[in-house]
Structure formats: structure tokens, C-alpha cells
>>> print(open('structure-v2.cif').read())   # mmCIF, C-alpha atoms
data_model
#
loop_
_atom_site.label_atom_id
_atom_site.label_comp_id
_atom_site.auth_asym_id
_atom_site.auth_seq_id
_atom_site.Cartn_x
_atom_site.Cartn_y
_atom_site.Cartn_z
CA MET A 810 34.85 58.85 -48.27
CA SER A 811 36.16 61.88 -50.10
CA GLU A 812 33.03 63.83 -49.24
CA LEU A 813 33.34 63.15 -45.54
CA THR A 814 34.71 65.62 -43.07
CA HIS A 815 36.39 64.28 -39.97
CA SER A 816 33.44 65.31 -37.86
CA SER A 817 31.12 63.52 -40.19
CA MET A 818 33.48 60.53 -40.05
CA HIS A 819 33.03 60.59 -36.29
CA ASP A 820 29.31 60.90 -36.81
CA ALA A 821 29.31 58.04 -39.29
CA ARG A 822 31.32 55.83 -36.93
CA ASP A 823 29.07 56.81 -34.04
CA ALA A 824 26.02 55.91 -36.11
CA GLU A 825 27.58 52.58 -37.10
CA ASP A 826 28.50 51.87 -33.48
CA ASP A 827 24.95 52.68 -32.44
CA ARG A 828 23.56 50.38 -35.11
CA LEU A 829 25.82 47.53 -34.00
CA LEU A 830 24.84 48.11 -30.39
CA ARG A 831 21.15 48.09 -31.12
CA SER A 832 21.35 45.05 -33.38
CA GLY A 833 23.28 43.13 -30.74
CA GLU A 834 26.43 42.80 -32.84
CA ILE A 835 28.54 43.71 -29.86
CA ASP A 836 31.47 41.57 -30.96
CA LEU A 837 31.84 43.60 -34.15
CA LEU A 838 31.35 46.80 -32.20
CA LEU A 839 34.13 46.08 -29.73
CA ALA A 840 36.38 44.62 -32.43
CA GLY A 841 36.31 47.98 -34.16
CA TRP A 842 37.83 49.54 -31.08
CA VAL A 843 40.42 46.92 -30.16
CA GLU A 844 43.26 48.57 -32.05
CA THR A 845 42.56 52.01 -30.64
CA ILE A 846 42.28 50.58 -27.13
CA ASP A 847 45.48 48.57 -27.40
CA SER A 848 47.49 51.37 -28.98
CA ARG A 849 46.28 54.03 -26.58
CA CYS A 850 47.04 51.81 -23.60
CA VAL A 851 50.56 51.08 -24.87
CA ALA A 852 51.10 54.81 -25.29
CA LYS A 853 49.62 55.71 -21.91
CA MET A 854 51.51 52.98 -20.07
CA ARG A 855 54.71 53.72 -22.02
CA GLY A 856 55.37 50.20 -23.19
CA PRO A 857 54.30 46.60 -23.69
CA VAL A 858 52.45 46.40 -20.36
CA GLY A 859 49.87 48.46 -22.23
CA HIS A 860 48.84 45.32 -24.11
CA ASP A 861 47.78 43.76 -20.82
CA VAL A 862 46.00 46.95 -19.82
CA GLY A 863 44.28 47.08 -23.17
CA GLN A 864 43.09 43.55 -22.68
CA ALA A 865 41.63 44.53 -19.32
CA VAL A 866 39.85 47.45 -20.98
CA CYS A 867 38.38 45.11 -23.57
CA GLU A 868 37.35 42.66 -20.86
CA ARG A 869 35.56 45.37 -18.97
CA LEU A 870 33.78 46.74 -22.03
CA TRP A 871 32.82 43.25 -23.13
CA LYS A 872 31.37 42.48 -19.73
CA GLU A 873 29.40 45.70 -19.75
CA LEU A 874 28.15 45.19 -23.29
CA LYS A 875 27.07 41.64 -22.51
CA GLY A 876 25.33 42.97 -19.45
CA GLY A 877 23.27 45.26 -21.65
CA LYS A 878 24.92 48.51 -20.63
CA HIS A 879 25.30 51.50 -22.93
CA ARG A 880 22.40 50.46 -25.11
CA ASP A 881 20.39 53.55 -24.36
CA GLY A 882 22.54 55.51 -26.79
CA ARG A 883 23.00 58.28 -24.26
CA TRP A 884 26.67 58.62 -25.17
CA PRO A 885 28.44 57.60 -28.35
CA PHE A 886 30.23 54.32 -27.68
CA ARG A 887 33.59 55.97 -28.45
CA VAL A 888 33.03 58.24 -25.47
CA ILE A 889 32.57 55.20 -23.21
CA VAL A 890 35.66 53.56 -24.72
CA HIS A 891 37.89 56.53 -23.99
CA GLN A 892 36.48 56.87 -20.49
CA VAL A 893 37.23 53.24 -19.68
CA ILE A 894 40.73 53.50 -21.14
CA GLY A 895 41.45 56.43 -18.86
CA TYR A 896 39.96 54.68 -15.85
CA VAL A 897 41.79 51.38 -16.29
CA CYS A 898 45.15 52.98 -17.13
CA ALA A 899 44.94 55.29 -14.13
CA GLY A 900 44.18 52.44 -11.74
CA TRP A 901 46.38 49.72 -13.17
CA TYR A 902 49.10 49.88 -10.55
CA GLU A 903 46.81 50.49 -7.59
CA LYS A 904 46.83 47.55 -5.22
CA GLY A 905 43.63 45.55 -5.37
CA TRP A 906 42.38 47.41 -8.39
CA GLY A 907 41.55 44.19 -10.21
CA GLU A 908 39.19 43.19 -7.46
CA ASN A 909 37.30 46.43 -7.58
CA GLU A 910 34.13 45.80 -9.48
CA LEU A 911 32.11 48.45 -7.71
CA ILE A 912 33.10 51.57 -9.56
CA GLU A 913 30.64 52.10 -12.35
CA ILE A 914 31.33 53.92 -15.54
CA ASP A 915 28.04 54.87 -17.05
CA GLY A 916 29.43 57.62 -19.18
CA PRO A 917 31.20 60.91 -18.89
CA THR A 918 30.04 63.74 -16.75
CA ALA A 919 28.38 66.58 -18.58
CA ASP A 920 31.47 68.73 -18.13
CA SER A 921 34.00 66.24 -19.43
CA PHE A 922 31.72 65.27 -22.27
CA THR A 923 31.31 68.75 -23.64
CA SER A 924 34.81 69.98 -22.98
CA ASP A 925 36.97 66.97 -23.68
CA VAL A 926 35.19 64.56 -25.88
CA GLU A 927 32.60 65.97 -28.16
CA LEU A 928 33.81 69.42 -29.05
CA GLN A 929 37.57 69.22 -29.19
CA LEU A 930 38.43 65.86 -30.53
CA SER A 931 37.91 66.02 -34.24
CA LEU A 932 40.95 66.09 -36.47
CA GLU A 933 38.87 68.31 -38.71
CA ALA A 934 39.24 70.95 -36.01
CA PHE A 935 42.99 70.63 -36.46
CA VAL A 936 42.79 70.99 -40.23
CA ALA A 937 40.72 74.12 -39.75
CA THR A 938 43.56 75.74 -37.82
CA LEU A 939 45.92 75.55 -40.80
CA PRO A 940 46.37 78.09 -43.57
CA PRO A 941 44.50 77.15 -46.76
CA GLY A 942 47.40 75.52 -48.62
CA ASP A 943 48.63 73.31 -45.78
CA GLY A 944 45.05 72.79 -44.68
CA GLU A 945 44.17 71.21 -48.01
CA VAL A 946 47.22 68.93 -47.83
CA ALA A 947 46.31 67.95 -44.27
CA ARG A 948 42.73 67.28 -45.27
CA LEU A 949 43.79 64.98 -48.08
CA TRP A 950 46.36 63.24 -45.86
CA LEU A 951 44.52 62.88 -42.58
CA ILE A 952 40.90 62.86 -43.63
CA GLU A 953 40.91 61.33 -47.08
CA ARG A 954 44.00 59.30 -46.18
CA LEU A 955 45.75 59.74 -49.51
CA GLU A 956 49.41 58.94 -50.10
CA ILE A 957 51.78 61.80 -50.81
CA ASP A 958 51.95 60.93 -54.52
CA GLU A 959 48.19 60.91 -54.73
CA ILE A 960 47.99 64.26 -52.98
CA ALA A 961 50.57 65.66 -55.39
CA GLU A 962 48.57 64.44 -58.33
CA ARG A 963 45.34 65.79 -56.92
CA LEU A 964 46.85 69.23 -56.28
CA GLY A 965 49.07 69.32 -59.35
CA LYS A 966 52.21 69.80 -57.25
CA LEU A 967 55.57 68.10 -56.95
CA PRO A 968 55.88 65.54 -54.15
CA ASN A 969 58.92 67.39 -52.78
CA ALA A 970 56.82 70.48 -52.13
CA LEU A 971 54.33 68.33 -50.28
CA TYR A 972 57.00 66.79 -48.06
CA GLN A 973 57.82 70.29 -46.89
CA ALA A 974 54.15 71.00 -46.29
CA ARG A 975 53.81 67.76 -44.36
CA SER A 976 56.75 68.72 -42.19
CA ARG A 977 55.01 71.99 -41.33
CA ILE A 978 51.77 70.12 -40.72
CA ASN A 979 53.51 67.72 -38.34
CA ALA A 980 54.90 70.59 -36.34
CA ARG A 981 51.44 72.14 -36.08
CA LEU A 982 49.88 68.76 -35.33
CA ARG A 983 52.20 68.34 -32.38
CA GLU A 984 51.26 71.78 -31.06
CA TRP A 985 47.58 70.98 -31.45
CA LEU A 986 47.92 67.61 -29.73
CA GLU A 987 49.78 69.22 -26.84
CA SER A 988 47.27 72.02 -26.43
CA MET B 1411 59.95 69.46 -32.24
CA THR B 1412 63.13 67.55 -32.87
CA GLY B 1413 63.63 65.93 -36.24
CA GLN B 1414 63.41 62.43 -34.86
CA LEU B 1415 60.20 63.04 -32.94
CA GLU B 1416 58.64 64.71 -35.94
CA GLN B 1417 59.65 61.79 -38.11
CA LEU B 1418 58.20 59.23 -35.72
CA LEU B 1419 54.93 61.11 -35.39
CA ASP B 1420 54.77 61.34 -39.17
CA GLU B 1421 55.41 57.61 -39.42
CA PHE B 1422 52.70 56.87 -36.90
CA VAL B 1423 50.10 59.05 -38.59
CA GLY B 1424 51.09 57.56 -41.94
CA ARG B 1425 50.49 54.04 -40.63
CA TRP B 1426 47.16 55.13 -39.26
CA ALA B 1427 46.15 56.77 -42.54
CA ARG B 1428 47.18 53.71 -44.56
CA ASP B 1429 45.36 51.25 -42.27
CA GLU B 1430 48.66 49.60 -41.37
CA PRO B 1431 49.40 48.08 -37.94
CA LEU B 1432 50.30 50.91 -35.59
CA ALA B 1433 52.97 49.08 -33.53
CA VAL B 1434 53.10 51.84 -30.95
CA ASP B 1435 55.53 50.03 -28.65
CA GLU B 1436 58.08 49.75 -31.43
CA LEU B 1437 57.82 53.49 -32.11
CA LEU B 1438 58.27 54.27 -28.43
CA VAL B 1439 61.44 52.18 -28.29
CA ARG B 1440 62.80 54.02 -31.31
CA ALA B 1441 61.97 57.35 -29.67
CA GLY B 1442 64.43 56.57 -26.87
CA PRO B 1443 64.57 59.39 -24.34
CA GLN B 1444 61.76 61.16 -26.18
CA SER B 1445 59.37 58.23 -25.79
CA ASP B 1446 57.31 60.05 -23.16
CA GLU B 1447 56.73 62.95 -25.48
CA LEU B 1448 55.88 60.71 -28.40
CA ALA B 1449 53.53 58.62 -26.26
CA VAL B 1450 51.52 61.69 -25.29
CA LEU B 1451 51.20 62.74 -28.92
CA ILE B 1452 50.11 59.28 -30.06
CA ASP B 1453 47.64 58.94 -27.23
CA ARG B 1454 46.02 62.26 -27.96
CA PHE B 1455 45.94 61.59 -31.68
CA LEU B 1456 44.12 58.29 -31.15
CA GLU B 1457 41.70 59.91 -28.76
CA ARG B 1458 40.73 62.38 -31.45
CA ALA B 1459 40.81 60.15 -34.52
CA PRO B 1460 37.91 58.00 -35.73
CA ARG B 1461 38.33 54.30 -35.21
CA ARG B 1462 39.35 52.18 -38.16
CA GLU B 1463 37.61 49.11 -39.52
CA PRO B 1464 37.93 45.99 -37.34
CA THR B 1465 40.43 43.36 -38.41
CA PRO B 1466 39.69 39.60 -38.40
CA ASP B 1467 42.23 39.23 -35.58
CA ALA B 1468 40.43 41.83 -33.50
CA LEU B 1469 37.13 40.07 -34.02
CA ALA B 1470 38.65 36.72 -33.06
CA PHE B 1471 40.12 38.32 -29.94
CA VAL B 1472 36.76 39.75 -28.90
CA ARG B 1473 35.07 36.43 -29.45
CA SER B 1474 37.62 34.81 -27.14
CA LEU B 1475 36.67 37.13 -24.30
CA ASP B 1476 34.18 34.61 -22.97
CA ASP B 1477 37.01 32.23 -22.15
CA PRO B 1478 38.11 32.16 -18.48
CA PRO B 1479 40.27 35.25 -17.79
CA LEU B 1480 43.23 33.32 -16.40
CA LEU B 1481 43.24 31.11 -19.48
CA ARG B 1482 43.24 34.13 -21.77
CA ALA B 1483 46.01 35.78 -19.80
CA ARG B 1484 48.14 32.66 -20.11
CA GLN B 1485 47.43 32.32 -23.80
CA ALA B 1486 48.18 35.99 -24.33
CA ARG B 1487 51.65 35.29 -22.94
CA GLY B 1488 52.06 32.31 -25.26
CA LEU B 1489 52.47 29.98 -22.29
CA LYS B 1490 51.41 26.38 -22.49
CA LEU B 1491 50.01 24.85 -19.35
CA ASP B 1492 53.16 22.78 -18.84
CA ASP B 1493 55.32 25.90 -19.23
CA LEU B 1494 53.35 27.77 -16.64
CA ALA B 1495 53.34 24.85 -14.22
CA ALA B 1496 57.11 24.50 -14.52
CA ALA B 1497 57.65 28.20 -13.99
CA LEU B 1498 55.29 28.20 -11.04
CA VAL B 1499 57.10 25.29 -9.42
CA GLU B 1500 60.40 27.10 -9.84
CA THR B 1501 59.08 30.43 -8.60
CA LEU B 1502 57.50 28.85 -5.56
CA GLY B 1503 60.68 26.91 -4.82
CA LEU B 1504 58.95 23.55 -5.00
CA GLY B 1505 60.58 20.34 -6.07
CA GLU B 1506 60.18 18.78 -9.49
CA LYS B 1507 57.88 16.13 -8.03
CA ALA B 1508 55.34 18.83 -7.30
CA ARG B 1509 54.92 19.79 -10.92
CA GLU B 1510 52.05 17.48 -11.79
CA LYS B 1511 49.97 18.53 -8.82
CA VAL B 1512 50.75 22.19 -9.35
CA ARG B 1513 49.70 21.83 -12.97
CA ARG B 1514 46.42 20.22 -11.99
CA TYR B 1515 45.57 22.72 -9.27
CA TYR B 1516 46.49 25.64 -11.45
CA GLN B 1517 44.32 24.35 -14.26
CA GLU B 1518 41.41 23.84 -11.91
CA LEU B 1519 41.92 27.39 -10.73
CA GLU B 1520 42.06 28.60 -14.33
CA LEU B 1521 38.82 26.84 -15.18
CA GLY B 1522 36.99 28.06 -12.10
CA GLN B 1523 36.93 24.61 -10.55
CA LEU B 1524 39.14 25.48 -7.60
CA GLU B 1525 37.98 27.98 -5.01
CA PRO B 1526 40.36 30.96 -5.31
CA GLY B 1527 39.71 32.10 -1.74
CA GLY B 1528 42.01 29.44 -0.31
CA VAL B 1529 44.96 30.09 -2.59
CA ALA B 1530 47.98 31.54 -0.85
CA THR B 1531 49.18 35.06 -1.53
CA LYS B 1532 52.53 33.60 -2.51
CA VAL B 1533 50.85 31.75 -5.37
CA TRP B 1534 48.95 34.82 -6.54
CA ASP B 1535 52.15 36.85 -6.52
CA ALA B 1536 53.97 34.21 -8.53
CA LEU B 1537 51.12 33.93 -11.02
CA SER B 1538 50.85 37.69 -11.38
CA GLY B 1539 54.52 37.82 -12.21
CA LEU B 1540 54.24 35.07 -14.79
CA LEU B 1541 51.05 36.35 -16.42
CA GLY B 1542 51.76 40.05 -16.18
CA ARG B 1543 48.28 40.54 -14.78
CA ASP B 1544 46.64 40.66 -11.37
CA ALA B 1545 46.00 36.92 -11.19
CA ARG B 1546 43.76 37.12 -8.13
CA GLY B 1547 41.61 39.71 -9.86
CA LEU B 1548 41.39 37.58 -12.99
CA ALA B 1549 40.37 34.52 -11.00
CA ALA B 1550 37.67 36.56 -9.30
CA GLN B 1551 36.19 37.31 -12.71
CA ALA B 1552 36.03 33.66 -13.72
CA PRO B 1553 32.67 31.99 -14.26
CA PRO B 1554 31.74 29.59 -11.43
CA THR B 1555 32.45 26.45 -13.44
CA LEU B 1556 32.86 25.57 -17.07
CA ALA B 1557 29.86 23.31 -16.82
CA ALA B 1558 27.78 26.47 -17.10
CA ALA B 1559 29.08 27.17 -20.58
CA PRO B 1560 29.89 23.96 -22.40
CA MET B 1561 29.83 25.51 -25.88
CA PHE B 1562 33.01 27.46 -25.57
CA ARG B 1563 34.73 24.78 -23.60
CA GLU B 1564 34.53 22.47 -26.57
CA ALA B 1565 35.36 25.15 -29.09
CA ASN B 1566 38.30 26.79 -27.44
CA PHE B 1567 40.21 24.22 -25.47
CA VAL B 1568 43.05 22.26 -26.93
CA ALA B 1569 44.24 18.85 -25.93
CA GLU B 1570 47.19 20.06 -23.90
CA ASP B 1571 44.81 22.01 -21.72
CA LEU B 1572 42.76 19.00 -20.72
CA PRO B 1573 42.99 18.26 -17.00
CA LEU B 1574 45.17 15.39 -16.01
CA GLU B 1575 43.37 12.49 -14.42
CA ARG B 1576 43.63 12.37 -10.70
CA THR B 1577 45.35 9.10 -10.05
CA ALA B 1578 44.86 7.33 -6.79
CA ALA B 1579 48.50 6.37 -6.73
CA ALA B 1580 49.58 9.96 -6.88
CA GLU B 1581 47.40 10.99 -3.99
CA THR B 1582 48.22 10.73 -0.37
CA ASN B 1583 45.94 11.47 2.51
CA GLU B 1584 48.27 13.96 4.13
CA PRO B 1585 48.13 17.50 2.69
CA ASP B 1586 51.49 18.59 1.39
CA GLU B 1587 52.96 22.01 0.62
CA VAL B 1588 51.22 22.20 -2.75
CA ASP B 1589 47.85 21.41 -1.18
CA ARG B 1590 48.39 24.14 1.36
CA LEU B 1591 49.46 26.69 -1.24
CA PHE B 1592 46.34 26.07 -3.28
CA GLY B 1593 44.01 25.81 -0.31
CA VAL B 1594 43.20 22.14 -0.92
CA VAL B 1595 43.22 20.90 2.65
#
>>> encode(input="structure-v2.cif", output="C-alpha cells")
Amino acid sequence: MSELTHSSMHDARDAEDDRLLRSGEIDLLLAGWVETIDSRCVAKMRGPVGHDVGQAVCERLWKELKGGKHRDGRWPFRVIVHQVIGYVCAGWYEKGWGENELIEIDGPTADSFTSDVELQLSLEAFVATLPPGDGEVARLWLIERLEIDEIAERLGKLPNALYQARSRINARLREWLES
Amino acid sequence: MTGQLEQLLDEFVGRWARDEPLAVDELLVRAGPQSDELAVLIDRFLERAPRREPTPDALAFVRSLDDPPLLRARQARGLKLDDLAAALVETLGLGEKAREKVRRYYQELELGQLEPGGVATKVWDALSGLLGRDARGLAAQAPPTLAAAPMFREANFVAEDLPLERTAAAETNEPDEVDRLFGVV
């Protein structure tokens, strides 16, 4: 884990997703995404209705996976997941949406794939925007997922100093997420 | 960034990093008037972060996805069949005597044994309100009948969900309001 960058974590997860897809372990594959789907839908829908929306996203993905879709490995499964989240959330309140089974989501368009999904979405890209000191703290926090005490020990610093760094990192993280 | 928003984002990212439940809705409530701003940040963070390892609960949820959609929607709301039937009777303004028939028709609908095309809009609206989902859309996704998939019927259904016997004494030849609402005429 400690040797992984966030991009390589994406790559590793993509490879694991691809393996699960090809081996037919589609229940494990989708289960790995349930939390992300549910949490994103709650955020996008601004409240508990997002749980229902997330369930609809899971239902759709499950149906597609059982139907053999997405097995060609053309897009990482995460790309499909985020596409379906966007699609279902956007249409949730449209009358008759639930009856619409005709719109197909085979994957992103080339434009959205390159601009929105593949190139911009790694947290490693965020860490790279930080100055070296804060960047190292962010890497240990967000990528290696260490606690503040562990980061302090690793860097030989006092936890208080790291709380200040984390505050700066949060401010920059917000800017990066809003960009 | 305000102090509170920064703190909530920090708390969210900390939960994510520690593999703790994210509980996004709780964070949004705490954000108060800044919930929109926090929601955007959380959404974008999750879009850019790698997924975490699946939990046993998530796996169990996925494995339940073969159950009929209306059944799952009801269970997701924590509603027993009797609860839903009672609420449906009340919402539709039917008398207490209608409850048993409403329960039976609803369950047949849930299990794909009742043709959804004949069900009145009033019923779909009531069900959608109770289930928090587009009930008509869910019914349209249902498998034709459970007989096509006996494995999960045995594994996933509990006793309270078993259909009530149709009793000759309870039936009359004349369609009543419940029959008309459920398209059983």
C-alpha cells in the first residue's frame, strides 16, 4: 500500500474490477462500489432520497452486468459506475423515468472520458499541486491513509504542526474539488 | 471556506481514509445552510477517489438484487407487508374490511403475479409515496412470475410474506372498489 500512488491505486482497482468482471464475480464487483454509489447519490440528491436513487443505480448496474454488458473491458468499470450515477440522479424526478429502459449507457463518450474521468480524477493529481511539505502530509493522509499521529511519527513532527498543515490541505482540497 | 465546512470536509475525508462508514446524509444535516456546498465537495471527492473494499453488508445487498424490485423497495423502507397494506388502505381511503384483499393484491403485484397494467394510477401514486420509489417503474422491472426463479423465493421470503389463502367465503362475485383499483375485474 505504501508504495502505491493514487493513480496506481486507481489502476489496481481497475485491474481488480476487470478481473472480477472476467471471472464472473459480478456480485463482488458491484459490492465494491455500493458505498461510493450510495454516498454520491445522497450527496447529489442532497439527502436521504439519495439512498433510493443509489439503489436504483445498483439495480441498473446489476441488470447490465447480469446481461453480460461491460465485459469487453473497453472502459474501466468505475467509469461506467460514475456515468450511471450521473444519469440516474439527473433523471430521478422526471416523470416516467422509471419506465424508460431504452436509453443505453455503454460507456462515456470519448470527450467525457478523456476530460472528466481518466485524466482529472486522481487524488494524486491533487497532492501534486501542493508544496512539498504539505504535499507529503497529504500523501500520507489521503493516499497511505495514515492517522495524524502516525504521520507525525513518520515525519518526526509534532501532531499540532500537522493539524495546521491539514487545515491548509483542506482549504486547497476544497479549491481543487471546486475547480 | 468557513470553519464549519472545512471541519465537515475534514471529517468526511477522515472517515473515508479510515474505512469508516461515510454517513453523508448526517454530515449534510450538520452542514445546515452550507449543505449544498458540502454535498458538491463530497460528490466530487468520491468521484475522484478509488473505491474501498466491499463490506459484507454491501455484498448481501447486491445478492438481494435478484429479489422482485417492489419487495426490495418495501424491505428497504423496513415495512412489513401488513404495515404496507394498512397504509395503503388508509391512503386510498378504503375501509378496514378492505385490508385483507388489498394485502393480497399488493403481494401478488409485488411478486409479479398480478398484471400491473390494470392497476389504477391512484394505487401507483399511493405506493410511490409509501415506498419512496416509482412503484409503477419497479413493477415493470419485475420478473414475470416467481415460478421462474424458485431458488431465491425459498431463500429470501419470510413467513409473513407468504400469500394469504384465497378463501371462498371472502370472495364475492361482484367486483368491488379494491378489485377495480387493482384491475381485477
>>> atom_distance(input="structure-v2.cif", atom1="atom CA of Pro1526 of chain B", atom2="atom CA of Leu1498 of chain B")
16.2 Å
>>> closest_atom_pairs(input="structure-v2.cif", of="chain B", to="chain A", cutoff="6 Å", atoms="all atoms listed in the file", output="tab-separated table")
residue	atom	partner	partner_atom	distance
B:Ala1427	CA	A:Arg954	CA	4.9
B:Val1434	CA	A:Ser848	CA	6.0
B:Asp1435	CA	A:Gly856	CA	5.5
B:Ala1449	CA	A:Ala852	CA	4.6
B:Leu1451	CA	A:Leu986	CA	5.9
B:Asp1453	CA	A:Arg849	CA	5.1
B:Arg1454	CA	A:Leu986	CA	5.9
B:Arg1458	CA	A:Leu930	CA	4.3
B:Pro1460	CA	A:His819	CA	5.6
B:Glu1463	CA	A:Gly841	CA	5.6
B:Pro1464	CA	A:Gly841	CA	4.1
B:Ala1468	CA	A:Ala840	CA	5.0
B:Leu1469	CA	A:Ala840	CA	4.9
B:Val1472	CA	A:Asp836	CA	6.0
B:Gly1547	CA	A:Gly907	CA	4.5
>>> closest_residue(input="structure-v2.cif", among="A:Gly876, A:Leu967, A:Val866, A:Glu825", to="Gln892 of chain A", atoms="all atoms listed in the file")
A:Val866
>>> atom_distance(input="structure-v2.cif", atom1="atom CA of Val1594 of chain B", atom2="atom CA of Arg1487 of chain B")
27.0 Å
>>> atom_distance(input="structure-v2.cif", atom1="atom CA of Thr1531 of chain B", atom2="atom CA of Leu1502 of chain B")
11.1 Å
>>> resolve_selection(input="structure-v2.cif", expression="the PyMOL selection byres ((chain B and resi 1496) around 12)", output="ChimeraX atom specification")
/B:1489-1495,1497-1514,1516,1536-1537,1540
>>> closest_residue(input="structure-v2.cif", among="A:Gly863, A:Glu959, A:Val936, A:Asp826", to="Gly895 of chain A", atoms="only C-alpha atoms")
A:Gly863
